[in-house]
>>> print(open('structure.txt').read())   # compact mmCIF, C-alpha atoms
# COMPACT_ATOMS: atom_id res chain seq x y z
CA MET A 255 0.00 0.00 0.00
CA GLY A 256 2.75 2.43 1.02
CA PRO A 257 5.31 1.70 -1.72
CA THR A 258 2.56 1.66 -4.39
CA LEU A 259 1.47 5.17 -3.43
CA GLU A 260 5.08 6.37 -3.54
CA HIS A 261 5.49 4.89 -7.01
CA ALA A 262 2.30 6.54 -8.17
CA LYS A 263 3.42 9.92 -6.83
CA SER A 264 6.82 9.76 -8.51
CA ALA A 265 5.18 8.59 -11.73
CA VAL A 266 2.90 11.65 -11.65
CA ARG A 267 5.91 13.89 -10.94
CA LEU A 268 7.77 12.37 -13.90
CA ALA A 269 4.73 12.75 -16.15
CA ARG A 270 4.42 16.42 -15.22
CA ARG A 271 8.11 17.01 -15.92
CA VAL A 272 7.84 15.29 -19.30
CA ALA A 273 4.71 17.31 -20.15
CA LYS A 274 6.42 20.59 -19.23
CA ALA A 275 9.57 19.68 -21.18
CA SER A 276 7.52 18.71 -24.22
CA ALA A 277 5.50 21.91 -24.04
CA ALA A 278 8.71 23.95 -23.73
CA ALA A 279 10.27 22.15 -26.72
CA LEU A 280 7.12 22.64 -28.82
CA LEU A 281 6.94 26.32 -27.94
CA CYS A 282 10.64 26.78 -28.75
CA TYR A 283 10.13 25.04 -32.11
CA HIS A 284 7.18 27.26 -33.00
CA TYR A 285 8.22 30.65 -31.63
CA VAL A 286 11.99 30.73 -31.16
CA GLY A 287 13.86 28.41 -33.50
CA TYR A 288 15.02 24.89 -34.31
CA PRO A 289 17.66 22.98 -36.25
CA ASN A 290 16.91 21.91 -39.81
CA ILE A 291 18.77 19.57 -42.18
CA ILE A 292 19.17 20.58 -45.82
CA MET A 293 19.32 17.98 -48.58
CA GLY A 294 19.48 18.47 -52.33
CA PRO A 295 21.32 20.75 -54.73
CA ALA A 296 18.89 23.68 -54.98
CA MET A 297 20.98 25.92 -52.72
CA GLU A 298 24.41 25.19 -54.17
CA PRO A 299 26.99 26.62 -53.83
CA THR A 300 25.82 28.14 -50.54
CA PHE A 301 24.92 24.70 -49.17
CA PRO A 302 26.01 21.49 -50.96
CA GLY A 303 22.86 19.82 -49.64
CA ASN A 304 24.49 16.78 -48.04
CA GLY A 305 22.82 17.01 -44.66
CA GLU A 306 24.19 20.28 -43.36
CA VAL A 307 22.46 21.32 -40.13
CA LEU A 308 21.08 24.84 -40.16
CA LEU A 309 19.65 26.98 -37.37
CA VAL A 310 16.25 28.42 -38.27
CA GLU A 311 14.74 31.28 -36.29
CA ARG A 312 10.99 31.70 -35.92
CA LEU A 313 10.59 34.78 -33.77
CA PRO A 314 7.28 36.62 -34.31
CA ASP A 315 6.67 39.15 -37.09
CA MET A 316 8.65 37.04 -39.56
CA MET A 317 6.86 38.53 -42.55
CA HIS A 318 8.10 42.03 -41.84
CA ARG A 319 11.58 41.04 -40.71
CA ALA A 320 12.46 38.75 -43.63
CA GLN A 321 14.28 40.77 -46.29
CA PRO A 322 15.20 39.94 -49.89
CA GLY A 323 18.57 38.23 -49.68
CA ASP A 324 17.64 36.16 -46.62
CA ILE A 325 17.61 32.37 -46.79
CA VAL A 326 14.14 31.30 -45.70
CA VAL A 327 12.18 28.17 -44.82
CA CYS A 328 8.72 27.92 -46.43
CA SER A 329 5.91 25.39 -46.59
CA SER A 330 6.47 23.36 -49.71
CA PRO A 331 4.14 24.44 -52.54
CA ILE A 332 3.63 20.79 -53.54
CA ASP A 333 3.46 19.19 -50.07
CA PRO A 334 1.92 21.20 -47.23
CA HIS A 335 3.53 19.00 -44.59
CA SER A 336 7.11 19.47 -45.70
CA THR A 337 9.29 22.53 -46.12
CA ILE A 338 11.68 24.01 -48.65
CA ILE A 339 14.79 26.10 -48.04
CA SER A 340 15.35 28.83 -50.60
CA ARG A 341 16.45 32.44 -50.91
CA LEU A 342 13.90 35.24 -50.67
CA ARG A 343 14.47 37.39 -53.75
CA ALA A 344 11.58 39.87 -53.88
CA VAL A 345 8.65 41.07 -51.76
CA PRO A 346 5.38 42.78 -52.85
CA GLY A 347 6.02 45.81 -55.04
CA GLN A 348 9.45 44.71 -56.15
CA HIS A 349 10.18 43.49 -59.67
CA VAL A 350 11.43 40.10 -60.78
CA GLN A 351 13.26 39.56 -64.02
CA LYS A 352 11.80 36.79 -66.10
CA GLU A 353 14.04 33.97 -67.32
CA GLN A 354 15.38 35.23 -70.61
CA THR A 355 14.75 33.09 -73.66
CA PRO A 356 17.43 33.55 -76.34
CA GLY A 357 16.60 36.35 -78.72
CA SER A 358 13.96 37.99 -76.56
CA LYS A 359 14.17 41.21 -74.58
CA PRO A 360 14.51 40.89 -70.81
CA SER A 361 11.13 41.45 -69.13
CA HIS A 362 10.04 42.11 -65.54
CA TYR A 363 6.95 41.47 -63.56
CA GLN A 364 5.92 42.83 -60.21
CA VAL A 365 5.36 40.74 -57.09
CA PRO A 366 1.61 41.10 -56.30
CA PRO A 367 0.36 42.00 -52.77
CA GLY A 368 0.63 39.12 -50.33
CA TYR A 369 3.18 37.12 -52.36
CA MET A 370 6.95 36.62 -52.35
CA TRP A 371 9.45 35.42 -54.92
CA VAL A 372 11.82 32.66 -53.78
CA LYS A 373 14.55 31.02 -55.82
CA GLY A 374 17.45 28.74 -54.91
CA ASP A 375 21.07 29.76 -55.34
CA ALA A 376 21.86 27.00 -57.85
CA PRO A 377 21.81 28.27 -61.45
CA GLY A 378 18.67 27.10 -63.18
CA SER A 379 16.89 26.50 -59.88
CA CYS A 380 13.43 27.94 -60.50
CA GLU A 381 10.84 25.38 -59.46
CA TYR A 382 9.13 27.47 -56.78
CA GLY A 383 8.94 31.11 -57.80
CA MET A 384 5.90 33.04 -56.57
CA LEU A 385 4.49 31.86 -53.22
CA PRO A 386 1.95 33.39 -50.82
CA MET A 387 3.79 35.15 -48.01
CA ALA A 388 1.74 33.24 -45.43
CA MET A 389 3.79 30.13 -46.34
CA LEU A 390 6.92 31.75 -44.90
CA GLN A 391 7.91 29.77 -41.82
CA GLY A 392 11.36 30.85 -40.71
CA ARG A 393 14.73 32.31 -41.58
CA VAL A 394 18.11 30.56 -41.63
CA VAL A 395 20.52 32.37 -39.32
CA ALA A 396 23.44 29.97 -39.06
CA GLN A 397 24.94 26.67 -40.10
CA VAL A 398 26.02 24.54 -37.16
CA TRP A 399 27.35 21.36 -38.80
CA PRO A 400 29.73 20.34 -40.34
CA GLU A 401 31.17 23.80 -39.71
CA VAL A 402 29.80 26.74 -37.76
CA LYS A 403 29.14 29.93 -39.72
CA TRP A 404 26.65 32.79 -39.50
CA ILE A 405 24.37 33.18 -42.50
CA ARG A 406 24.05 36.80 -43.47
CA ASN A 407 21.69 38.49 -45.86
CA SER A 408 23.26 38.58 -49.31
CA ALA A 409 23.00 41.79 -51.29
CA ALA A 410 19.90 41.77 -53.48
CA SER A 411 20.65 39.25 -56.23
CA GLU A 412 20.63 40.07 -59.90
CA SER A 413 17.07 38.75 -60.12
CA ALA A 414 15.44 41.45 -57.98
CA HIS A 415 15.15 45.14 -58.67
CA PRO A 416 13.70 47.51 -56.06
CA MET B 40 1.25 31.69 -3.34
CA HIS B 41 4.60 31.72 -5.09
CA LYS B 42 4.04 28.22 -6.43
CA PHE B 43 0.56 29.21 -7.62
CA VAL B 44 1.97 32.10 -9.65
CA ARG B 45 4.64 29.88 -11.18
CA GLN B 46 2.07 27.30 -12.22
CA GLY B 47 -0.14 30.07 -13.60
CA LEU B 48 2.68 31.51 -15.72
CA TRP B 49 2.68 28.30 -17.76
CA LEU B 50 -0.90 29.03 -18.83
CA LEU B 51 0.00 31.85 -21.20
CA PRO B 52 2.49 30.09 -23.49
CA VAL B 53 0.56 26.82 -23.32
CA GLY B 54 -2.66 28.70 -24.12
CA ILE B 55 -1.02 30.37 -27.11
CA ALA B 56 0.33 27.01 -28.30
CA PHE B 57 -3.13 25.49 -27.87
CA THR B 58 -4.91 28.14 -29.94
CA ASP B 59 -2.22 28.00 -32.61
CA CYS B 60 -1.95 24.23 -32.99
CA ILE B 61 -5.02 22.50 -31.57
CA ALA B 62 -8.19 24.61 -31.66
CA SER B 63 -9.43 28.16 -31.33
CA VAL B 64 -12.55 30.30 -31.61
CA LEU B 65 -12.95 32.76 -34.48
CA LYS B 66 -15.41 35.55 -35.23
CA VAL B 67 -16.88 35.29 -38.72
CA GLU B 68 -16.73 38.54 -40.69
CA GLY B 69 -18.54 39.20 -43.95
CA ALA B 70 -21.23 37.53 -45.99
CA SER B 71 -19.30 35.16 -48.23
CA MET B 72 -20.52 32.04 -46.41
CA ARG B 73 -24.24 32.81 -46.28
CA PRO B 74 -26.51 31.14 -45.41
CA THR B 75 -24.23 28.74 -43.55
CA LEU B 76 -22.51 31.48 -41.53
CA ASN B 77 -23.58 35.06 -40.74
CA PRO B 78 -26.95 34.64 -42.47
CA ASP B 79 -28.38 37.85 -41.04
CA SER B 80 -26.62 41.11 -41.86
CA ASN B 81 -28.50 42.84 -39.03
CA GLY B 82 -27.85 40.19 -36.42
CA PRO B 83 -24.71 39.41 -34.39
CA SER B 84 -21.76 37.75 -36.16
CA ASP B 85 -21.30 34.03 -35.72
CA TRP B 86 -18.40 32.76 -33.64
CA VAL B 87 -17.09 29.36 -34.73
CA LEU B 88 -14.87 26.63 -33.32
CA VAL B 89 -11.83 26.01 -35.54
CA GLU B 90 -10.15 22.64 -35.14
CA LYS B 91 -6.52 22.88 -36.23
CA LEU B 92 -4.72 19.71 -35.18
CA SER B 93 -6.05 17.44 -37.95
CA VAL B 94 -5.21 19.92 -40.70
CA LYS B 95 -1.70 20.52 -39.38
CA LEU B 96 -0.82 16.90 -38.72
CA GLN B 97 -2.71 14.74 -41.23
CA ARG B 98 -2.81 14.56 -45.00
CA CYS B 99 -6.52 13.85 -44.96
CA TYR B 100 -8.78 16.60 -46.27
CA THR B 101 -12.54 16.19 -46.47
CA ARG B 102 -14.27 17.57 -49.54
CA GLY B 103 -17.23 19.71 -48.54
CA GLU B 104 -15.93 20.83 -45.17
CA VAL B 105 -15.72 24.48 -44.17
CA VAL B 106 -12.10 25.56 -43.68
CA VAL B 107 -10.14 28.55 -42.42
CA LEU B 108 -7.13 29.60 -44.47
CA TRP B 109 -4.77 32.53 -44.93
CA ALA B 110 -5.75 34.75 -47.85
CA PRO B 111 -3.24 34.34 -50.71
CA ASP B 112 -3.23 38.11 -51.31
CA ASN B 113 -3.06 39.17 -47.64
CA PRO B 114 -0.96 37.07 -45.25
CA HIS B 115 -2.45 38.85 -42.22
CA GLN B 116 -6.06 37.94 -43.03
CA GLN B 117 -7.86 34.66 -42.48
CA ILE B 118 -10.80 33.74 -44.70
CA ILE B 119 -13.48 31.07 -44.25
CA LYS B 120 -14.57 29.06 -47.32
CA ARG B 121 -15.77 25.60 -48.26
CA LEU B 122 -13.23 23.06 -49.56
CA LEU B 123 -14.66 21.67 -52.78
CA ALA B 124 -11.71 19.88 -54.40
CA VAL B 125 -8.18 18.77 -53.53
CA GLU B 126 -4.99 18.01 -55.48
CA GLY B 127 -5.63 15.60 -58.33
CA ASP B 128 -9.35 16.42 -58.61
CA THR B 129 -10.83 18.06 -61.69
CA ILE B 130 -13.50 20.66 -60.86
CA ILE B 131 -16.07 22.30 -63.10
CA GLU B 132 -15.50 26.03 -62.65
CA ASP B 133 -18.59 27.34 -64.40
CA ALA B 134 -21.70 25.24 -64.95
CA LYS B 135 -22.77 27.32 -67.97
CA THR B 136 -19.53 27.23 -69.93
CA HIS B 137 -18.39 23.83 -68.61
CA SER B 138 -14.90 25.22 -68.12
CA TRP B 139 -12.89 22.99 -65.81
CA THR B 140 -9.59 23.03 -63.94
CA GLU B 141 -7.40 20.21 -62.70
CA VAL B 142 -6.23 21.05 -59.18
CA PRO B 143 -2.40 20.81 -59.17
CA GLN B 144 -0.34 18.92 -56.61
CA GLY B 145 -0.20 20.70 -53.25
CA ARG B 146 -3.30 22.85 -53.88
CA CYS B 147 -7.04 22.84 -53.34
CA TRP B 148 -10.17 24.61 -54.57
CA ILE B 149 -12.16 26.71 -52.09
CA GLU B 150 -15.39 28.65 -52.59
CA GLY B 151 -17.71 30.69 -50.40
CA ASP B 152 -21.31 29.43 -50.16
CA ASN B 153 -22.47 32.92 -51.20
CA ALA B 154 -20.78 33.06 -54.61
CA PRO B 155 -21.65 36.66 -55.63
CA MET B 156 -20.03 38.02 -52.47
CA SER B 157 -17.02 35.75 -52.19
CA GLY B 158 -13.40 36.23 -53.16
CA ASP B 159 -12.29 32.63 -53.61
CA SER B 160 -10.76 30.12 -56.03
CA LYS B 161 -13.53 30.73 -58.57
CA SER B 162 -13.58 34.52 -58.51
CA ALA B 163 -10.02 35.48 -57.61
CA PHE B 164 -7.27 33.04 -56.65
CA GLY B 165 -7.63 29.84 -58.61
CA PRO B 166 -6.40 26.73 -56.80
CA VAL B 167 -4.82 27.77 -53.48
CA HIS B 168 -1.90 26.09 -51.70
CA LEU B 169 -2.84 23.49 -49.08
CA GLY B 170 -0.12 25.04 -46.92
CA LEU B 171 -2.42 28.03 -46.39
CA LEU B 172 -5.05 25.95 -44.61
CA GLU B 173 -5.21 26.69 -40.90
CA GLY B 174 -8.11 24.58 -39.65
CA ARG B 175 -11.60 23.29 -40.18
CA VAL B 176 -14.77 24.91 -38.87
CA THR B 177 -16.62 22.27 -36.89
CA HIS B 178 -19.23 24.15 -34.84
CA ILE B 179 -20.93 27.48 -34.38
CA VAL B 180 -20.49 28.40 -30.71
CA TRP B 181 -22.28 31.79 -30.62
CA PRO B 182 -25.02 33.07 -30.73
CA PRO B 183 -26.79 30.44 -28.66
CA ALA B 184 -29.70 30.17 -31.11
CA ARG B 185 -27.32 29.03 -33.83
CA MET B 186 -25.08 26.71 -31.84
CA GLY B 187 -24.42 23.39 -33.51
CA ARG B 188 -22.33 21.48 -36.01
CA VAL B 189 -21.39 23.06 -39.32
CA ALA B 190 -22.35 20.45 -41.90
CA VAL B 191 -19.98 18.96 -44.46
CA GLN B 192 -21.63 19.52 -47.85
CA GLU B 193 -19.91 17.76 -50.73
CA GLN B 194 -20.69 18.93 -54.24
CA PRO B 195 -20.07 15.88 -56.41
CA ALA B 196 -21.84 17.49 -59.37
CA ARG B 197 -18.95 19.98 -59.59
CA LEU B 198 -16.29 17.28 -59.80
CA LEU B 199 -15.44 15.66 -63.14
CA GLN B 200 -12.86 13.44 -61.53
CA THR B 201 -11.64 12.84 -57.99
CA ASP B 202 -8.33 11.59 -56.67
CA ARG B 203 -9.10 8.44 -54.68
CA ARG B 204 -6.14 8.87 -52.36
CA HIS B 205 -7.96 11.65 -50.53
CA VAL B 206 -11.09 10.64 -48.68
>>> encode(input="structure.txt", output="structure tokens")
Amino acid sequence: MGPTLEHAKSAVRLARRVAKASAAALLCYHYVGYPNIIMGPAMEPTFPGNGEVLLVERLPDMMHRAQPGDIVVCSSPIDPHSTIISRLRAVPGQHVQKEQTPGSKPSHYQVPPGYMWVKGDAPGSCEYGMLPMAMLQGRVVAQVWPEVKWIRNSAASESAHP
Amino acid sequence: MHKFVRQGLWLLPVGIAFTDCIASVLKVEGASMRPTLNPDSNGPSDWVLVEKLSVKLQRCYTRGEVVVLWAPDNPHQQIIKRLLAVEGDTIIEDAKTHSWTEVPQGRCWIEGDNAPMSGDSKSAFGPVHLGLLEGRVTHIVWPPARMGRVAVQEQPARLLQTDRRHV
């Protein structure tokens, strides 16, 4: 009778600790930041895409703080439960240069309200393009493995004109 | 007293996490979902229960359910529409002209029940990204006279072809 009650009490204490730790981890993931692994060649040469571990920040007001030139994490346009890592090139009001076909004049179009233009660093990487800004999830601030380096905003790339 | 305050401080972040990830209550603005929601322009606005966990965790979307999503042209605004078709489905856009659209991978087709007053897939956005979905409207919780489930209303006549992977 005695030892059973003691076991029950310590089980409840453990359960409460686990619940609090899980809640803290979930809140950190949603509102502070988390590590993310990048695979695939879309962000070469910035990231080779062989499992580098990046630090993604998710502090509030992401949509106003993310600037063209930042590397961002977005909901994937083809799979709502996965994410893509790409570079934010243009925000509403800015112009994007269209891919130039040989023999044609370069043309621009403007990012409409509520959207953003994302494009990987690898040449020819253009699968995503125009996405609703609400799909923006976070911003890459550092790489932590295999080497530690801060990720800074690149100057506006040749694809975006203010 | 000190312990009570400490326990209470957990309520705020846990409450925020709950309303962001599990469920929340939302005031319905506008007339785009009449008569299902806000049927009376002179009466009080409906308040609805939005269930978020299933949309955020599962890949299962129910055609005909009322959903909450972020507006494609305004990332700070949530809109409430009915989900009529999902990726892989082919939907008839206009019954008179028989024009149809195949919903691409990763997107869905949403329309307000009150078509003339609704900015939706048909009138404005085309197929919208599934990543914009925030939750499903399950119940009206206020005013008391209108409390109850919000019905799932499929529209099979609008669908030329459905993708069997999505129930």
>>> residues_near_point(input="structure.txt", point="(3.6, 28.3, -47.0)", cutoff="7 Å", atoms="all atoms listed in the file", output="list of chain:residue names")
A:Cys328, A:Ser329, A:Ser330, A:Pro331, A:Pro386, A:Met387, A:Ala388, A:Met389, A:Leu390, A:Gln391, B:Gly170, B:Leu171
>>> atom_distance(input="structure.txt", atom1="atom CA of B:Leu92", atom2="atom CA of A:Arg270")
22.2 Å
>>> interface_residues(input="structure.txt", of="chain A", to="chain B", cutoff="12 Å", atoms="all atoms listed in the file", output="ChimeraX atom specification")
/A:270,273-285,315-318,328-338,346,365-370,384-391
>>> residues_around(input="structure.txt", residues="B:Glu150", least_positions_apart="4", cutoff="9 Å", atoms="all atoms listed in the file", output="list in words")
Ser71, Met72, Ile119, Lys120, Arg121, Leu122, Leu123, Ala154, Ser157, Gly158, Asp159, Ser160, Lys161 and Ser162 of chain B
>>> write_last_selection(input="structure.txt", atoms="C-alpha atoms", output="PDB file, in the frame of the given file")
ATOM      1  CA  SER B  71     -19.300  35.160 -48.230  1.00  0.00           C
ATOM      2  CA  MET B  72     -20.520  32.040 -46.410  1.00  0.00           C
ATOM      3  CA  ILE B 119     -13.480  31.070 -44.250  1.00  0.00           C
ATOM      4  CA  LYS B 120     -14.570  29.060 -47.320  1.00  0.00           C
ATOM      5  CA  ARG B 121     -15.770  25.600 -48.260  1.00  0.00           C
ATOM      6  CA  LEU B 122     -13.230  23.060 -49.560  1.00  0.00           C
ATOM      7  CA  LEU B 123     -14.660  21.670 -52.780  1.00  0.00           C
ATOM      8  CA  ALA B 154     -20.780  33.060 -54.610  1.00  0.00           C
ATOM      9  CA  SER B 157     -17.020  35.750 -52.190  1.00  0.00           C
ATOM     10  CA  GLY B 158     -13.400  36.230 -53.160  1.00  0.00           C
ATOM     11  CA  ASP B 159     -12.290  32.630 -53.610  1.00  0.00           C
ATOM     12  CA  SER B 160     -10.760  30.120 -56.030  1.00  0.00           C
ATOM     13  CA  LYS B 161     -13.530  30.730 -58.570  1.00  0.00           C
ATOM     14  CA  SER B 162     -13.580  34.520 -58.510  1.00  0.00           C
TER      15      SER B 162
END
>>> atom_distance(input="structure.txt", atom1="atom CA of B:Asp128", atom2="atom CA of B:Val89")
25.1 Å
>>> atom_distance(input="structure.txt", atom1="atom CA of B:Tyr100", atom2="atom CA of B:Asp202")
11.6 Å
>>> closest_residue(input="structure.txt", among="A:Gly323, A:Pro289, A:Pro302, A:Pro377", to="A:Val345", atoms="all atoms listed in the file")
A:Gly323
>>> closest_residue(input="structure.txt", among="A:Pro295, A:Gly357, A:Gly287, A:Gly392", to="A:Gly378", atoms="all atoms listed in the file")
A:Pro295
>>> residues_near_point(input="structure.txt", point="(17.4, 24.1, -57.2)", cutoff="12 Å", atoms="only C-alpha atoms", output="list in words")
Met293, Gly294, Pro295, Ala296, Met297, Glu298, Pro299, Thr300, Phe301, Pro302, Gly303, Ile338, Ile339, Ser340, Arg341, Val372, Lys373, Gly374, Asp375, Ala376, Pro377, Gly378, Ser379, Cys380, Glu381, Tyr382 and Gly383 of chain A
>>> residues_around(input="structure.txt", residues="B:Leu88", least_positions_apart="4", cutoff="12 Å", atoms="only C-alpha atoms", output="list in words")
Thr58, Ile61, Ala62, Ser63, Val64, Leu65, Lys66, Val67, Val105, Val106, Val107, Ile119, Gly174, Arg175, Val176, Thr177, His178, Ile179, Val180, Trp181, Met186, Gly187, Arg188 and Val189 of chain B
>>> axis_aligned_box(input="structure.txt", around="stretch 342-350 of chain A", padding_each_side="3 Å", output="JSON")
{"center_x": 9.9, "center_y": 40.5, "center_z": -55.7, "size_x": 15.1, "size_y": 16.6, "size_z": 16.1}
>>> residues_around(input="structure.txt", residues="B:Gln194", least_positions_apart="4", cutoff="12 Å", atoms="all atoms listed in the file", output="list in words")
Thr101, Arg102, Gly103, Glu104, Arg121, Leu122, Leu123, Ala124, Ile130, Ile131, Trp148, Ile149, Glu150, Asp152, Leu198, Leu199 and Thr201 of chain B
>>> closest_residue(input="structure.txt", among="B:Arg73, B:Arg185, B:Lys91, B:Arg197", to="B:Asn153", atoms="all atoms listed in the file")
B:Arg73
>>> decode(input="structure.txt", residues="stretch 383-402 of chain A", atoms="N, CA, C and O atoms", output="PDB file, in the first residue's frame")
ATOM      1  N   GLY A 383       9.424  29.828 -57.309  1.00  0.00           N
ATOM      2  CA  GLY A 383       8.938  31.106 -57.802  1.00  0.00           C
ATOM      3  C   GLY A 383       8.025  31.841 -56.850  1.00  0.00           C
ATOM      4  O   GLY A 383       8.400  32.107 -55.711  1.00  0.00           O
ATOM      5  N   MET A 384       6.810  32.162 -57.298  1.00  0.00           N
ATOM      6  CA  MET A 384       5.899  33.041 -56.570  1.00  0.00           C
ATOM      7  C   MET A 384       5.096  32.221 -55.563  1.00  0.00           C
ATOM      8  O   MET A 384       4.343  31.323 -55.935  1.00  0.00           O
ATOM      9  N   LEU A 385       5.227  32.551 -54.274  1.00  0.00           N
ATOM     10  CA  LEU A 385       4.491  31.861 -53.217  1.00  0.00           C
ATOM     11  C   LEU A 385       3.766  32.870 -52.347  1.00  0.00           C
ATOM     12  O   LEU A 385       4.260  33.980 -52.159  1.00  0.00           O
ATOM     13  N   PRO A 386       2.593  32.489 -51.793  1.00  0.00           N
ATOM     14  CA  PRO A 386       1.952  33.387 -50.824  1.00  0.00           C
ATOM     15  C   PRO A 386       2.854  33.581 -49.608  1.00  0.00           C
ATOM     16  O   PRO A 386       3.496  32.643 -49.123  1.00  0.00           O
ATOM     17  N   MET A 387       2.900  34.827 -49.121  1.00  0.00           N
ATOM     18  CA  MET A 387       3.791  35.148 -48.012  1.00  0.00           C
ATOM     19  C   MET A 387       3.421  34.393 -46.740  1.00  0.00           C
ATOM     20  O   MET A 387       4.264  34.179 -45.874  1.00  0.00           O
ATOM     21  N   ALA A 388       2.160  33.972 -46.628  1.00  0.00           N
ATOM     22  CA  ALA A 388       1.737  33.238 -45.434  1.00  0.00           C
ATOM     23  C   ALA A 388       2.435  31.889 -45.321  1.00  0.00           C
ATOM     24  O   ALA A 388       2.403  31.261 -44.263  1.00  0.00           O
ATOM     25  N   MET A 389       3.093  31.414 -46.388  1.00  0.00           N
ATOM     26  CA  MET A 389       3.793  30.134 -46.339  1.00  0.00           C
ATOM     27  C   MET A 389       5.208  30.292 -45.781  1.00  0.00           C
ATOM     28  O   MET A 389       5.937  29.312 -45.654  1.00  0.00           O
ATOM     29  N   LEU A 390       5.603  31.527 -45.473  1.00  0.00           N
ATOM     30  CA  LEU A 390       6.922  31.753 -44.901  1.00  0.00           C
ATOM     31  C   LEU A 390       6.931  31.236 -43.470  1.00  0.00           C
ATOM     32  O   LEU A 390       6.082  31.602 -42.662  1.00  0.00           O
ATOM     33  N   GLN A 391       7.902  30.370 -43.139  1.00  0.00           N
ATOM     34  CA  GLN A 391       7.914  29.769 -41.816  1.00  0.00           C
ATOM     35  C   GLN A 391       9.071  30.237 -40.946  1.00  0.00           C
ATOM     36  O   GLN A 391       8.934  30.329 -39.734  1.00  0.00           O
ATOM     37  N   GLY A 392      10.218  30.492 -41.541  1.00  0.00           N
ATOM     38  CA  GLY A 392      11.361  30.852 -40.707  1.00  0.00           C
ATOM     39  C   GLY A 392      12.514  31.349 -41.554  1.00  0.00           C
ATOM     40  O   GLY A 392      12.444  31.373 -42.781  1.00  0.00           O
ATOM     41  N   ARG A 393      13.565  31.748 -40.885  1.00  0.00           N
ATOM     42  CA  ARG A 393      14.729  32.307 -41.576  1.00  0.00           C
ATOM     43  C   ARG A 393      15.984  31.602 -41.074  1.00  0.00           C
ATOM     44  O   ARG A 393      16.149  31.388 -39.875  1.00  0.00           O
ATOM     45  N   VAL A 394      16.871  31.244 -42.018  1.00  0.00           N
ATOM     46  CA  VAL A 394      18.106  30.561 -41.632  1.00  0.00           C
ATOM     47  C   VAL A 394      19.090  31.599 -41.114  1.00  0.00           C
ATOM     48  O   VAL A 394      19.396  32.567 -41.814  1.00  0.00           O
ATOM     49  N   VAL A 395      19.589  31.400 -39.894  1.00  0.00           N
ATOM     50  CA  VAL A 395      20.525  32.370 -39.323  1.00  0.00           C
ATOM     51  C   VAL A 395      21.943  31.829 -39.213  1.00  0.00           C
ATOM     52  O   VAL A 395      22.890  32.613 -39.130  1.00  0.00           O
ATOM     53  N   ALA A 396      22.097  30.516 -39.201  1.00  0.00           N
ATOM     54  CA  ALA A 396      23.444  29.970 -39.056  1.00  0.00           C
ATOM     55  C   ALA A 396      23.482  28.531 -39.559  1.00  0.00           C
ATOM     56  O   ALA A 396      22.463  27.863 -39.659  1.00  0.00           O
ATOM     57  N   GLN A 397      24.681  28.088 -39.890  1.00  0.00           N
ATOM     58  CA  GLN A 397      24.939  26.668 -40.101  1.00  0.00           C
ATOM     59  C   GLN A 397      25.719  26.184 -38.893  1.00  0.00           C
ATOM     60  O   GLN A 397      26.625  26.885 -38.425  1.00  0.00           O
ATOM     61  N   VAL A 398      25.328  25.013 -38.349  1.00  0.00           N
ATOM     62  CA  VAL A 398      26.021  24.535 -37.155  1.00  0.00           C
ATOM     63  C   VAL A 398      26.824  23.263 -37.379  1.00  0.00           C
ATOM     64  O   VAL A 398      27.631  22.868 -36.558  1.00  0.00           O
ATOM     65  N   TRP A 399      26.601  22.585 -38.504  1.00  0.00           N
ATOM     66  CA  TRP A 399      27.346  21.362 -38.798  1.00  0.00           C
ATOM     67  C   TRP A 399      27.389  21.173 -40.304  1.00  0.00           C
ATOM     68  O   TRP A 399      26.363  21.393 -40.965  1.00  0.00           O
ATOM     69  N   PRO A 400      28.468  20.762 -40.932  1.00  0.00           N
ATOM     70  CA  PRO A 400      29.728  20.341 -40.336  1.00  0.00           C
ATOM     71  C   PRO A 400      30.640  21.477 -39.878  1.00  0.00           C
ATOM     72  O   PRO A 400      31.607  21.214 -39.174  1.00  0.00           O
ATOM     73  N   GLU A 401      30.371  22.710 -40.265  1.00  0.00           N
ATOM     74  CA  GLU A 401      31.173  23.800 -39.705  1.00  0.00           C
ATOM     75  C   GLU A 401      30.228  24.897 -39.255  1.00  0.00           C
ATOM     76  O   GLU A 401      29.106  25.025 -39.756  1.00  0.00           O
ATOM     77  N   VAL A 402      30.666  25.687 -38.298  1.00  0.00           N
ATOM     78  CA  VAL A 402      29.800  26.738 -37.760  1.00  0.00           C
ATOM     79  C   VAL A 402      30.067  28.030 -38.511  1.00  0.00           C
ATOM     80  O   VAL A 402      31.204  28.479 -38.618  1.00  0.00           O
TER      81      VAL A 402
END
